[in-house]
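Quick notes on the structure that follows.
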Amino acid sequence: MTRIANMKRIMIIGGPGSGKSTLATALSGKLGLPVFHMDWIYWQPGWQPRDREDMIRLSYAAVEQPDWIIDGNYTSSWDWRAERADLILCLDLPRNLRMFGVISRILKGYGRVRPDMAKGCPERLDWTDLKNAWTFDANLRPKMRDFAENWGRRRRVEFLTSRAEVDKFLNRL
């Protein structure tokens, strides 16, 4: 089995508030790989979504780099990220932890732009994020599981289901 430390392209997906960006940053610190947050690619200042063609172009440009960690969902880009990934990490944390993550992020960063967010997009109370974190189990989790099952035949896929598992994963490096 390939050691994680030798992997050069890591894709991270999971529910809102599950810690995708936090894990990406921690992995980058340990492995020295550049991070591309999908929120940088999707959002423009003032929380304006980028048009689809630009998002696709920028997503492809990130994926074509020789090494990377890319975190974020934006399911329309999952397949082309997975095509180049050495490792796909699926953060599948329970709803209470995701909700806590989203609410903590809002409270800690309200009014400031997070390092994993596009310029000009300060943290805010966004009911859509809260709703997406709440409904992840019914809406996106089945799609993530199907995606992981499909790509697991061709790529290394790992599910991390608790903060303790994330910590163990990081400690293995």
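Ordering of the structure tokens sets the chain letters (A, B, ...), residue numbers begin anew at 1 in every chain, and ligands are numbered from 1 in the order given.
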With 12 Å as the cut-off and only C-alpha atoms counted, what is the closest atom pair between each nearby residue of stretch 34-68 of chain A and stretch 8-16 of chain A? Distances in Å to one decimal, ordered by chain and number, as a Markdown table.
| residue | atom | partner | partner_atom | distance |
| --- | --- | --- | --- | --- |
| A:Pro34 | CA | A:Arg9 | CA | 9.4 |
| A:Val35 | CA | A:Ile10 | CA | 9.4 |
| A:Phe36 | CA | A:Met11 | CA | 9.8 |
| A:His37 | CA | A:Ile12 | CA | 9.7 |
| A:Met38 | CA | A:Ile12 | CA | 10.2 |
| A:Asp39 | CA | A:Pro16 | CA | 11.9 |
| A:Ala62 | CA | A:Arg9 | CA | 10.6 |
| A:Val63 | CA | A:Arg9 | CA | 8.5 |
| A:Glu64 | CA | A:Arg9 | CA | 10.1 |
| A:Gln65 | CA | A:Arg9 | CA | 8.9 |
| A:Pro66 | CA | A:Lys8 | CA | 7.5 |
| A:Asp67 | CA | A:Lys8 | CA | 4.8 |
| A:Trp68 | CA | A:Arg9 | CA | 4.8 |
Go ahead and save the picked residues with N, CA and C atoms, as a PDB file, in the first residue's frame.
ATOM      1  N   PRO A  34       0.819  22.225  -2.032  1.00  0.00           N
ATOM      2  CA  PRO A  34      -0.021  23.424  -2.111  1.00  0.00           C
ATOM      3  C   PRO A  34      -1.502  23.063  -1.958  1.00  0.00           C
ATOM      4  N   VAL A  35      -2.249  23.984  -1.375  1.00  0.00           N
ATOM      5  CA  VAL A  35      -3.690  23.789  -1.175  1.00  0.00           C
ATOM      6  C   VAL A  35      -4.453  24.684  -2.134  1.00  0.00           C
ATOM      7  N   PHE A  36      -5.492  24.103  -2.737  1.00  0.00           N
ATOM      8  CA  PHE A  36      -6.460  24.848  -3.535  1.00  0.00           C
ATOM      9  C   PHE A  36      -7.818  24.591  -2.901  1.00  0.00           C
ATOM     10  N   HIS A  37      -8.413  25.642  -2.372  1.00  0.00           N
ATOM     11  CA  HIS A  37      -9.752  25.525  -1.785  1.00  0.00           C
ATOM     12  C   HIS A  37     -10.777  25.791  -2.887  1.00  0.00           C
ATOM     13  N   MET A  38     -11.740  24.922  -3.043  1.00  0.00           N
ATOM     14  CA  MET A  38     -12.760  25.119  -4.073  1.00  0.00           C
ATOM     15  C   MET A  38     -13.537  26.418  -3.858  1.00  0.00           C
ATOM     16  N   ASP A  39     -13.622  26.885  -2.603  1.00  0.00           N
ATOM     17  CA  ASP A  39     -14.289  28.162  -2.364  1.00  0.00           C
ATOM     18  C   ASP A  39     -13.547  29.318  -3.032  1.00  0.00           C
ATOM     19  N   ALA A  62      -6.170  24.013 -11.530  1.00  0.00           N
ATOM     20  CA  ALA A  62      -5.684  23.516 -10.240  1.00  0.00           C
ATOM     21  C   ALA A  62      -5.353  22.028 -10.329  1.00  0.00           C
ATOM     22  N   VAL A  63      -6.257  21.256 -10.908  1.00  0.00           N
ATOM     23  CA  VAL A  63      -6.083  19.805 -11.006  1.00  0.00           C
ATOM     24  C   VAL A  63      -4.869  19.441 -11.862  1.00  0.00           C
ATOM     25  N   GLU A  64      -4.539  20.259 -12.843  1.00  0.00           N
ATOM     26  CA  GLU A  64      -3.418  19.961 -13.728  1.00  0.00           C
ATOM     27  C   GLU A  64      -2.059  20.249 -13.097  1.00  0.00           C
ATOM     28  N   GLN A  65      -2.044  20.862 -11.926  1.00  0.00           N
ATOM     29  CA  GLN A  65      -0.771  21.091 -11.234  1.00  0.00           C
ATOM     30  C   GLN A  65      -0.147  19.740 -10.877  1.00  0.00           C
ATOM     31  N   PRO A  66       1.181  19.668 -10.747  1.00  0.00           N
ATOM     32  CA  PRO A  66       1.820  18.384 -10.464  1.00  0.00           C
ATOM     33  C   PRO A  66       1.488  17.826  -9.079  1.00  0.00           C
ATOM     34  N   ASP A  67       1.235  18.692  -8.126  1.00  0.00           N
ATOM     35  CA  ASP A  67       0.863  18.218  -6.795  1.00  0.00           C
ATOM     36  C   ASP A  67      -0.093  19.223  -6.159  1.00  0.00           C
ATOM     37  N   TRP A  68      -0.976  18.699  -5.305  1.00  0.00           N
ATOM     38  CA  TRP A  68      -1.996  19.555  -4.708  1.00  0.00           C
ATOM     39  C   TRP A  68      -2.794  18.830  -3.631  1.00  0.00           C
TER      40      TRP A  68
END
Exercise. Could you pull out the alpha helix (DSSP H) residues of stretch 29-155 of chain A from DSSP and send them as a ChimeraX atom specification?
Worked result: /A:29-31,38-42,52-63,78-84,95-109,127-139,141-151
Could you write those residues out with C-alpha atoms, as a short mmCIF file (atom, residue, chain, number, x, y, z; two decimals), in the first residue's frame?
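File out-v8.cif, as written:
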data_model
loop_
_atom_site.label_atom_id
_atom_site.label_comp_id
_atom_site.auth_asym_id
_atom_site.auth_seq_id
_atom_site.Cartn_x
_atom_site.Cartn_y
_atom_site.Cartn_z
CA GLY A 29 1.87 21.74 6.64
CA LYS A 30 2.93 18.11 7.03
CA LEU A 31 3.43 17.21 3.37
CA MET A 38 -12.76 25.12 -4.07
CA ASP A 39 -14.29 28.16 -2.36
CA TRP A 40 -11.46 30.25 -3.88
CA ILE A 41 -12.42 28.92 -7.28
CA TYR A 42 -16.20 29.19 -6.92
CA ARG A 52 -19.65 28.04 -14.71
CA GLU A 53 -17.11 28.30 -17.54
CA ASP A 54 -14.65 30.22 -15.35
CA MET A 55 -15.12 27.80 -12.48
CA ILE A 56 -14.45 24.84 -14.76
CA ARG A 57 -11.38 26.51 -16.27
CA LEU A 58 -9.93 27.37 -12.84
CA SER A 59 -10.76 23.92 -11.45
CA TYR A 60 -8.98 22.23 -14.36
CA ALA A 61 -5.98 24.54 -13.91
CA ALA A 62 -5.68 23.52 -10.24
CA VAL A 63 -6.08 19.80 -11.01
CA TRP A 78 -15.51 15.62 -8.38
CA ASP A 79 -14.77 13.32 -11.30
CA TRP A 80 -12.01 15.35 -12.90
CA ARG A 81 -10.38 15.90 -9.50
CA ALA A 82 -10.63 12.17 -8.72
CA GLU A 83 -9.15 11.30 -12.11
CA ARG A 84 -5.83 12.85 -11.04
CA ARG A 95 -24.56 15.93 11.96
CA ASN A 96 -23.95 17.34 15.44
CA LEU A 97 -20.23 17.78 14.72
CA ARG A 98 -20.91 19.37 11.33
CA MET A 99 -23.43 21.79 12.81
CA PHE A 100 -20.98 22.65 15.59
CA GLY A 101 -18.29 23.21 12.95
CA VAL A 102 -20.42 25.59 10.90
CA ILE A 103 -21.64 27.55 13.93
CA SER A 104 -18.11 27.75 15.41
CA ARG A 105 -16.75 28.99 12.08
CA ILE A 106 -19.39 31.74 11.97
CA LEU A 107 -18.81 32.83 15.57
CA LYS A 108 -15.02 32.81 15.35
CA GLY A 109 -14.72 34.54 12.00
CA TRP A 127 -28.79 29.91 6.37
CA THR A 128 -27.91 27.93 3.25
CA ASP A 129 -24.69 26.64 4.92
CA LEU A 130 -26.63 25.70 8.03
CA LYS A 131 -29.32 24.00 5.98
CA ASN A 132 -26.72 22.14 3.88
CA ALA A 133 -24.94 20.93 7.03
CA TRP A 134 -28.26 19.80 8.50
CA THR A 135 -29.50 18.02 5.35
CA PHE A 136 -26.14 16.54 4.25
CA ASP A 137 -27.08 13.03 5.43
CA ALA A 138 -30.16 12.95 3.21
CA ASN A 139 -28.95 15.02 0.26
CA ARG A 141 -23.97 11.93 1.78
CA PRO A 142 -25.47 9.21 -0.46
CA LYS A 143 -23.87 10.86 -3.51
CA MET A 144 -20.51 11.02 -1.70
CA ARG A 145 -20.76 7.33 -0.75
CA ASP A 146 -21.65 6.30 -4.32
CA PHE A 147 -18.80 8.44 -5.66
CA ALA A 148 -16.35 6.88 -3.18
CA GLU A 149 -17.51 3.36 -3.98
CA ASN A 150 -17.08 3.99 -7.72
CA TRP A 151 -13.67 5.67 -7.44
#
Exercise. Can you tell me how far atom CA of A:Ile69 sits from atom CA of A:Ser28, in Å to one decimal?
Worked result: 7.2 Å
For this session: May I ask for the distance between atom CA of A:Ala85 and atom CA of A:Trp43, given in Å to one decimal place?
Result: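 Result for atom CA of A:Ala85 versus atom CA of A:Trp43: 23.1 Å, one decimal.
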All strand (DSSP E or B) residues (DSSP, backbone) inside stretch 35-156 of chain A, as a CSV table (one decimal) with C-alpha atoms, in the first residue's frame:
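File written: selection-v5.csv
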chain,number,residue,atom,x,y,z
A,35,VAL,CA,-3.7,23.8,-1.2
A,36,PHE,CA,-6.5,24.8,-3.5
A,37,HIS,CA,-9.8,25.5,-1.8
A,43,TRP,CA,-16.7,32.5,-5.2
A,44,GLN,CA,-15.9,36.1,-6.3
A,48,GLN,CA,-20.9,36.3,-6.1
A,49,PRO,CA,-20.6,32.9,-7.7
A,68,TRP,CA,-2.0,19.6,-4.7
A,69,ILE,CA,-4.5,19.2,-2.0
A,70,ILE,CA,-8.0,20.3,-3.1
A,71,ASP,CA,-10.8,20.6,-0.6
A,87,LEU,CA,-6.0,9.8,-2.4
A,88,ILE,CA,-9.6,10.8,-1.9
A,89,LEU,CA,-10.5,11.6,1.7
A,90,CYS,CA,-14.2,11.6,2.6
A,91,LEU,CA,-15.1,13.4,5.8
A,110,TYR,CA,-17.8,36.7,11.6
A,123,GLU,CA,-17.7,35.1,7.2
A,156,ARG,CA,-7.3,5.0,-2.7
Residue contacts of A:Pro122 (6 Å, only C-alpha atoms) excluding same-chain residues fewer than 6 positions away, as a PDB file with N, CA and C atoms, in the first residue's frame:
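Saved file part.pdb follows:
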ATOM      1  N   GLY A 111     -17.501  38.393   9.924  1.00  0.00           N
ATOM      2  CA  GLY A 111     -17.061  39.673   9.386  1.00  0.00           C
ATOM      3  C   GLY A 111     -15.654  39.671   8.823  1.00  0.00           C
ATOM      4  N   ARG A 112     -14.912  38.577   9.023  1.00  0.00           N
ATOM      5  CA  ARG A 112     -13.548  38.478   8.502  1.00  0.00           C
ATOM      6  C   ARG A 112     -13.502  37.422   7.399  1.00  0.00           C
ATOM      7  N   VAL A 113     -12.565  37.592   6.481  1.00  0.00           N
ATOM      8  CA  VAL A 113     -12.397  36.626   5.393  1.00  0.00           C
ATOM      9  C   VAL A 113     -11.456  35.524   5.892  1.00  0.00           C
TER      10      VAL A 113
END
For this session: Name the closest residue to A:Gly19 among the candidates A:Lys168, A:Lys119, A:Arg163, A:Arg154; distances are taken between atoms, counting only C-alpha atoms.
Result: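 Closest to A:Gly19 of all the choices is A:Arg163.
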